[in-house]
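Beneath this line is the structure, given in structure tokens, with notes to follow.
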Amino acid sequence: MAENVGRRGESWFFRADLPPGRDAKRRQKRVSGFTTEREARRALAQAKVDIDTGRLAHGARRTVTDLATEWLEAVRPNRKASTFSNYGWLMRAYVVPRIGPVRLDRLTPPDIQKLYSELRSSGGQGGKPLSGTQVRNIHGVLHNALNYAVRIGHIARNPTEAVDKPREDAEERPVYTPDQVHHFLLAAEGDRLRAMWYLVLATGLRRAELAGLRWPDVALDRAPPVLAVRTTRTTAGHLVVEHDPKTKSSRRVLTLDSRTGDILRDHCEAMAGEAEKRGEPTVSEYVFVDEFGDPYHPSQLTRYLHSLQRQAGLPEITLHDLRHTAATVALLAGVHPKVVSERQGHASTQITLDRYTHVLESMQTAAADAIGQFLTT
């Protein structure tokens with residue numbers, strides 16, 4: 001087997017013979033983008049193993065566009081509809097338009113680094129820059145697609161491995177102050193979805209969890225009352241899909257305070273009254289339904305929230321921001337960060353600590369003042 005390792009500019013490459021194709025012509029595999037000679041030689045050694053075992057052979061000159069189509073079809077059966085829809089959107093909107101025509105065997109880390117830089121500077125809709133979190137999500141999808149290409153032998157090396165993973169944005173999301181929370185709840189008095197607004201601030205449930213909450217998962221006859229997060233309603237394109245929570249930490253049981261329990265009982269009675277007026281023998285199994293007894297489309301909940309905020313003269317923040325408000329309120333109320341993490345459904349307490357550093361720092365200041373006052377009296 002003819003083989004060599006070389007350098008072009010600042011980048012190292014390797015070249016190795018492939019088994020002849022159907023036309024018996026000599027073919028070579030060339031992979032570039034290595035930062036050191038050692039990396040290139042290690043990749044060459046692995047390529048030789050893949051060639052000897054038949055995993056890496058001459059085939060069609062696939063492009064990134066070809067890979068996107070093939071990979072999406074391969075993962076479709078094993079992904080939830082909403083996740084698959086998001087994969088397809090990120091590929092079609094951001095990856096294919098920029099590097100789609102590039103051949104897989106010629107795709108280099110600098111190509112990918114340039115893609116990320118362009119997305120951060122002017123890569124969004126209407127030329128609007130994407131956030132670091134958005135580019136990180138695109139990186140995750142592209143990385144998975146190229147890993148698939150490596151596994152089935154289209155390429156010898158995943159070029160995203162040599163690229164710095166985009167950093168998530170550290171900016172804080174907008175949240176309501178305690179005074180704004182009280183103003184918001186006062187404005188929600190008499191609102192048909194009052195129980196929802198109170199529940200999200202008491203528990204930090206996600207929008208998809210609120211939309212998918214069912215009465216069988218709410219135990220109001222217990223002391224204290226509890227609810228279990230077992231179903232979510234999300235969107236996949238224009239369709240609404242239901243599925244189990246994505247992670248183990250998202251599947252959780254939350255204890256409710258007595259006030260929240262009372263408000264949910266009142267809501268249940270109101271929904272039963274509406275069902276009776278519609279001539280339905282029983283209340284809908286969903287906790288939050290429209291006037292026809294149908295569960296809400298998740299985006300409807302956001303529209304109703306913004307309408308209430310405008311009426312109250314409050315800043316328009318999203319349901320996800322209300323979820324962050326709930327965590328902030330809990331921390332300010334003295335709830336331990338580990339408990340807040342579990343109630344929010346975070347994968348780890350570290351996520352909570354990183355996300356609410358500003359709140360925890362203010363609590364540290366208050367604690368230091370309290371300790372100092374105690375020691376000097």
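Residues in the structure tokens are named by chain (A, B, ... in the order shown) and by number from 1 within that chain; ligands are numbered from 1 in the order shown.
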
Name the residues of range 26-156 of chain A that fall into alpha helix (DSSP H) according to DSSP on the backbone, using the chain letters and numbers of this document, as an mmCIF file with C-alpha atoms, in the first residue's frame.
data_model
loop_
_atom_site.group_PDB
_atom_site.id
_atom_site.type_symbol
_atom_site.label_atom_id
_atom_site.label_comp_id
_atom_site.auth_asym_id
_atom_site.auth_seq_id
_atom_site.Cartn_x
_atom_site.Cartn_y
_atom_site.Cartn_z
ATOM 1 C CA GLU A 37 2.455 15.012 12.114
ATOM 2 C CA ARG A 38 1.773 12.593 14.956
ATOM 3 C CA GLU A 39 -1.994 13.095 14.603
ATOM 4 C CA ALA A 40 -1.768 12.483 10.856
ATOM 5 C CA ARG A 41 0.239 9.266 11.315
ATOM 6 C CA ARG A 42 -2.139 7.954 13.982
ATOM 7 C CA ALA A 43 -5.104 8.627 11.699
ATOM 8 C CA LEU A 44 -3.282 6.914 8.823
ATOM 9 C CA ALA A 45 -2.717 3.828 10.969
ATOM 10 C CA GLN A 46 -6.421 3.677 11.785
ATOM 11 C CA ALA A 47 -7.304 4.197 8.123
ATOM 12 C CA LYS A 48 -5.109 1.238 7.167
ATOM 13 C CA VAL A 49 -7.003 -0.957 9.623
ATOM 14 C CA ASP A 50 -10.326 0.265 8.222
ATOM 15 C CA ILE A 51 -9.177 -0.395 4.657
ATOM 16 C CA ASP A 52 -7.940 -3.908 5.519
ATOM 17 C CA VAL A 64 -22.130 17.076 3.058
ATOM 18 C CA THR A 65 -25.597 17.418 1.502
ATOM 19 C CA ASP A 66 -25.586 13.703 0.622
ATOM 20 C CA LEU A 67 -24.552 12.877 4.175
ATOM 21 C CA ALA A 68 -27.277 15.051 5.685
ATOM 22 C CA THR A 69 -29.948 13.221 3.688
ATOM 23 C CA GLU A 70 -28.531 9.767 4.440
ATOM 24 C CA TRP A 71 -27.952 10.421 8.147
ATOM 25 C CA LEU A 72 -31.393 11.903 8.754
ATOM 26 C CA GLU A 73 -33.030 8.845 7.223
ATOM 27 C CA ALA A 74 -30.816 6.580 9.324
ATOM 28 C CA VAL A 75 -31.670 8.229 12.649
ATOM 29 C CA ALA A 81 -40.504 13.464 16.170
ATOM 30 C CA SER A 82 -39.646 16.827 17.708
ATOM 31 C CA THR A 83 -35.940 15.956 17.948
ATOM 32 C CA PHE A 84 -35.833 14.677 14.372
ATOM 33 C CA SER A 85 -37.617 17.802 13.133
ATOM 34 C CA ASN A 86 -35.037 19.973 14.891
ATOM 35 C CA TYR A 87 -32.157 17.983 13.364
ATOM 36 C CA GLY A 88 -33.580 18.467 9.886
ATOM 37 C CA TRP A 89 -34.179 22.178 10.418
ATOM 38 C CA LEU A 90 -30.629 22.852 11.633
ATOM 39 C CA VAL A 96 -26.279 22.591 3.867
ATOM 40 C CA PRO A 97 -26.504 26.159 2.473
ATOM 41 C CA ARG A 98 -22.872 26.843 3.465
ATOM 42 C CA ILE A 99 -20.899 23.607 3.259
ATOM 43 C CA PRO A 109 -11.592 21.480 10.515
ATOM 44 C CA PRO A 110 -10.905 24.983 9.104
ATOM 45 C CA ASP A 111 -14.022 24.623 6.907
ATOM 46 C CA ILE A 112 -16.104 23.873 9.986
ATOM 47 C CA GLN A 113 -14.459 26.588 12.078
ATOM 48 C CA LYS A 114 -15.245 29.065 9.295
ATOM 49 C CA LEU A 115 -18.872 27.860 9.269
ATOM 50 C CA TYR A 116 -19.224 28.517 12.994
ATOM 51 C CA SER A 117 -17.602 31.951 12.677
ATOM 52 C CA GLU A 118 -19.973 32.928 9.884
ATOM 53 C CA LEU A 119 -22.993 31.760 11.858
ATOM 54 C CA ARG A 120 -21.870 33.809 14.850
ATOM 55 C CA SER A 121 -21.326 36.937 12.753
ATOM 56 C CA SER A 122 -24.224 36.937 10.289
ATOM 57 C CA GLY A 132 -23.299 30.782 20.997
ATOM 58 C CA THR A 133 -25.929 28.343 22.278
ATOM 59 C CA GLN A 134 -27.512 28.070 18.808
ATOM 60 C CA VAL A 135 -24.150 27.430 17.130
ATOM 61 C CA ARG A 136 -23.338 24.856 19.809
ATOM 62 C CA ASN A 137 -26.572 23.023 18.931
ATOM 63 C CA ILE A 138 -25.614 23.067 15.236
ATOM 64 C CA HIS A 139 -22.198 21.696 16.168
ATOM 65 C CA GLY A 140 -23.855 18.833 18.039
ATOM 66 C CA VAL A 141 -25.946 17.829 15.023
ATOM 67 C CA LEU A 142 -23.045 18.098 12.560
ATOM 68 C CA HIS A 143 -20.766 16.171 14.933
ATOM 69 C CA ASN A 144 -23.290 13.318 15.154
ATOM 70 C CA ALA A 145 -23.747 13.201 11.391
ATOM 71 C CA LEU A 146 -20.005 13.029 10.783
ATOM 72 C CA ASN A 147 -19.600 10.352 13.464
ATOM 73 C CA TYR A 148 -22.129 8.313 11.481
ATOM 74 C CA ALA A 149 -20.039 8.886 8.335
ATOM 75 C CA VAL A 150 -16.962 7.551 10.163
ATOM 76 C CA ARG A 151 -18.798 4.490 11.508
#

For Ala187 in chain A: contacts at 10 Å, only C-alpha atoms, fewer than 4 positions along chain excluded, given as a ChimeraX atom specification: /A:181-183,191,194,308-309,311-314

For the selection just defined, write its residues with N, CA and C atoms to a file, as a compact mmCIF listing (two decimals), in the first residue's frame.
# COMPACT_ATOMS: atom_id res chain seq x y z
N VAL A 181 -43.51 39.56 40.31
CA VAL A 181 -44.21 38.27 40.47
C VAL A 181 -45.55 38.50 41.15
N HIS A 182 -45.56 39.29 42.22
CA HIS A 182 -46.82 39.56 42.93
C HIS A 182 -47.79 40.33 42.04
N HIS A 183 -47.27 41.27 41.27
CA HIS A 183 -48.11 42.02 40.33
C HIS A 183 -48.70 41.10 39.28
N ASP A 191 -58.33 35.15 35.65
CA ASP A 191 -57.95 34.64 34.34
C ASP A 191 -58.28 33.15 34.26
N ARG A 194 -55.48 30.96 35.31
CA ARG A 194 -54.80 31.39 36.53
C ARG A 194 -54.02 30.25 37.18
N LEU A 308 -51.71 38.48 28.75
CA LEU A 308 -51.88 38.80 30.16
C LEU A 308 -50.82 39.81 30.62
N GLN A 309 -49.61 39.64 30.15
CA GLN A 309 -48.53 40.55 30.53
C GLN A 309 -48.80 41.97 30.02
N GLN A 311 -51.74 43.28 29.41
CA GLN A 311 -52.84 43.83 30.21
C GLN A 311 -52.33 44.32 31.57
N ALA A 312 -51.35 43.61 32.12
CA ALA A 312 -50.84 43.96 33.44
C ALA A 312 -49.76 45.05 33.38
N GLY A 313 -49.33 45.41 32.17
CA GLY A 313 -48.28 46.41 32.04
C GLY A 313 -46.92 45.90 32.46
N LEU A 314 -46.71 44.61 32.32
CA LEU A 314 -45.43 43.99 32.71
C LEU A 314 -44.60 43.67 31.47

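If you look at CA of Gln300 in chain A and CA of Leu210 in chain A, they are 11.9 Å away from each other.
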
May I have a table of the residues of range 115-200 of chain A lying at most 12 Å from range 251-259 of chain A, giving each one's closest pair of atoms and their distance in Å to one decimal, counting only C-alpha atoms, ordered by chain and ascending residue number, as a tab-separated table?
residue	atom	partner	partner_atom	distance
A:Ala195	CA	A:Arg259	CA	10.6
A:Tyr198	CA	A:Arg259	CA	9.5
A:Leu199	CA	A:Leu256	CA	8.9
A:Val200	CA	A:Leu256	CA	11.3

Based on the selection just made, write C-alpha atoms of those residues as a short mmCIF file (atom, residue, chain, number, x, y, z; two decimals), in the first residue's frame.
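Writing the result to again-v3.cif gives the following:
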data_model
loop_
_atom_site.label_atom_id
_atom_site.label_comp_id
_atom_site.auth_asym_id
_atom_site.auth_seq_id
_atom_site.Cartn_x
_atom_site.Cartn_y
_atom_site.Cartn_z
CA ALA A 195 -53.92 27.92 37.84
CA TYR A 198 -49.52 30.01 39.55
CA LEU A 199 -48.31 26.45 38.94
CA VAL A 200 -45.35 27.44 36.75
#

Among listed residues A:Val240, A:Leu301, A:Ala327, A:Ala367, nearest Arg207 in chain A (using only C-alpha atoms): A:Leu301

Contact residues around Thr352 in chain A with only C-alpha atoms at 12 Å, ignoring same-chain residues under 5 positions, as a count of residues only: 21

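Residue neighbourhood of Trp215 in chain A, excluding near-sequence residues (fewer than 5 positions): Glu285, Tyr286 and Val287 of chain A, at 7 Å, using only C-alpha atoms.
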
For Ala219 in chain A: contacts at 10 Å, only C-alpha atoms, fewer than 5 positions along chain excluded, given as a list in words: Pro224, Pro225, Val226, Leu227, Ala228, Thr255, Leu256 and Gly261 of chain A

Go ahead and write the selection's residues with C-alpha atoms as a CSV table (one decimal), in the first residue's frame.
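And here's result.csv as it stands now:
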chain,number,residue,atom,x,y,z
A,224,PRO,CA,-49.4,17.5,50.8
A,225,PRO,CA,-50.6,17.3,47.2
A,226,VAL,CA,-48.2,16.1,44.5
A,227,LEU,CA,-47.9,15.9,40.7
A,228,ALA,CA,-45.8,13.7,38.5
A,255,THR,CA,-44.7,18.2,46.1
A,256,LEU,CA,-47.1,21.2,46.0
A,261,GLY,CA,-53.3,22.6,45.7
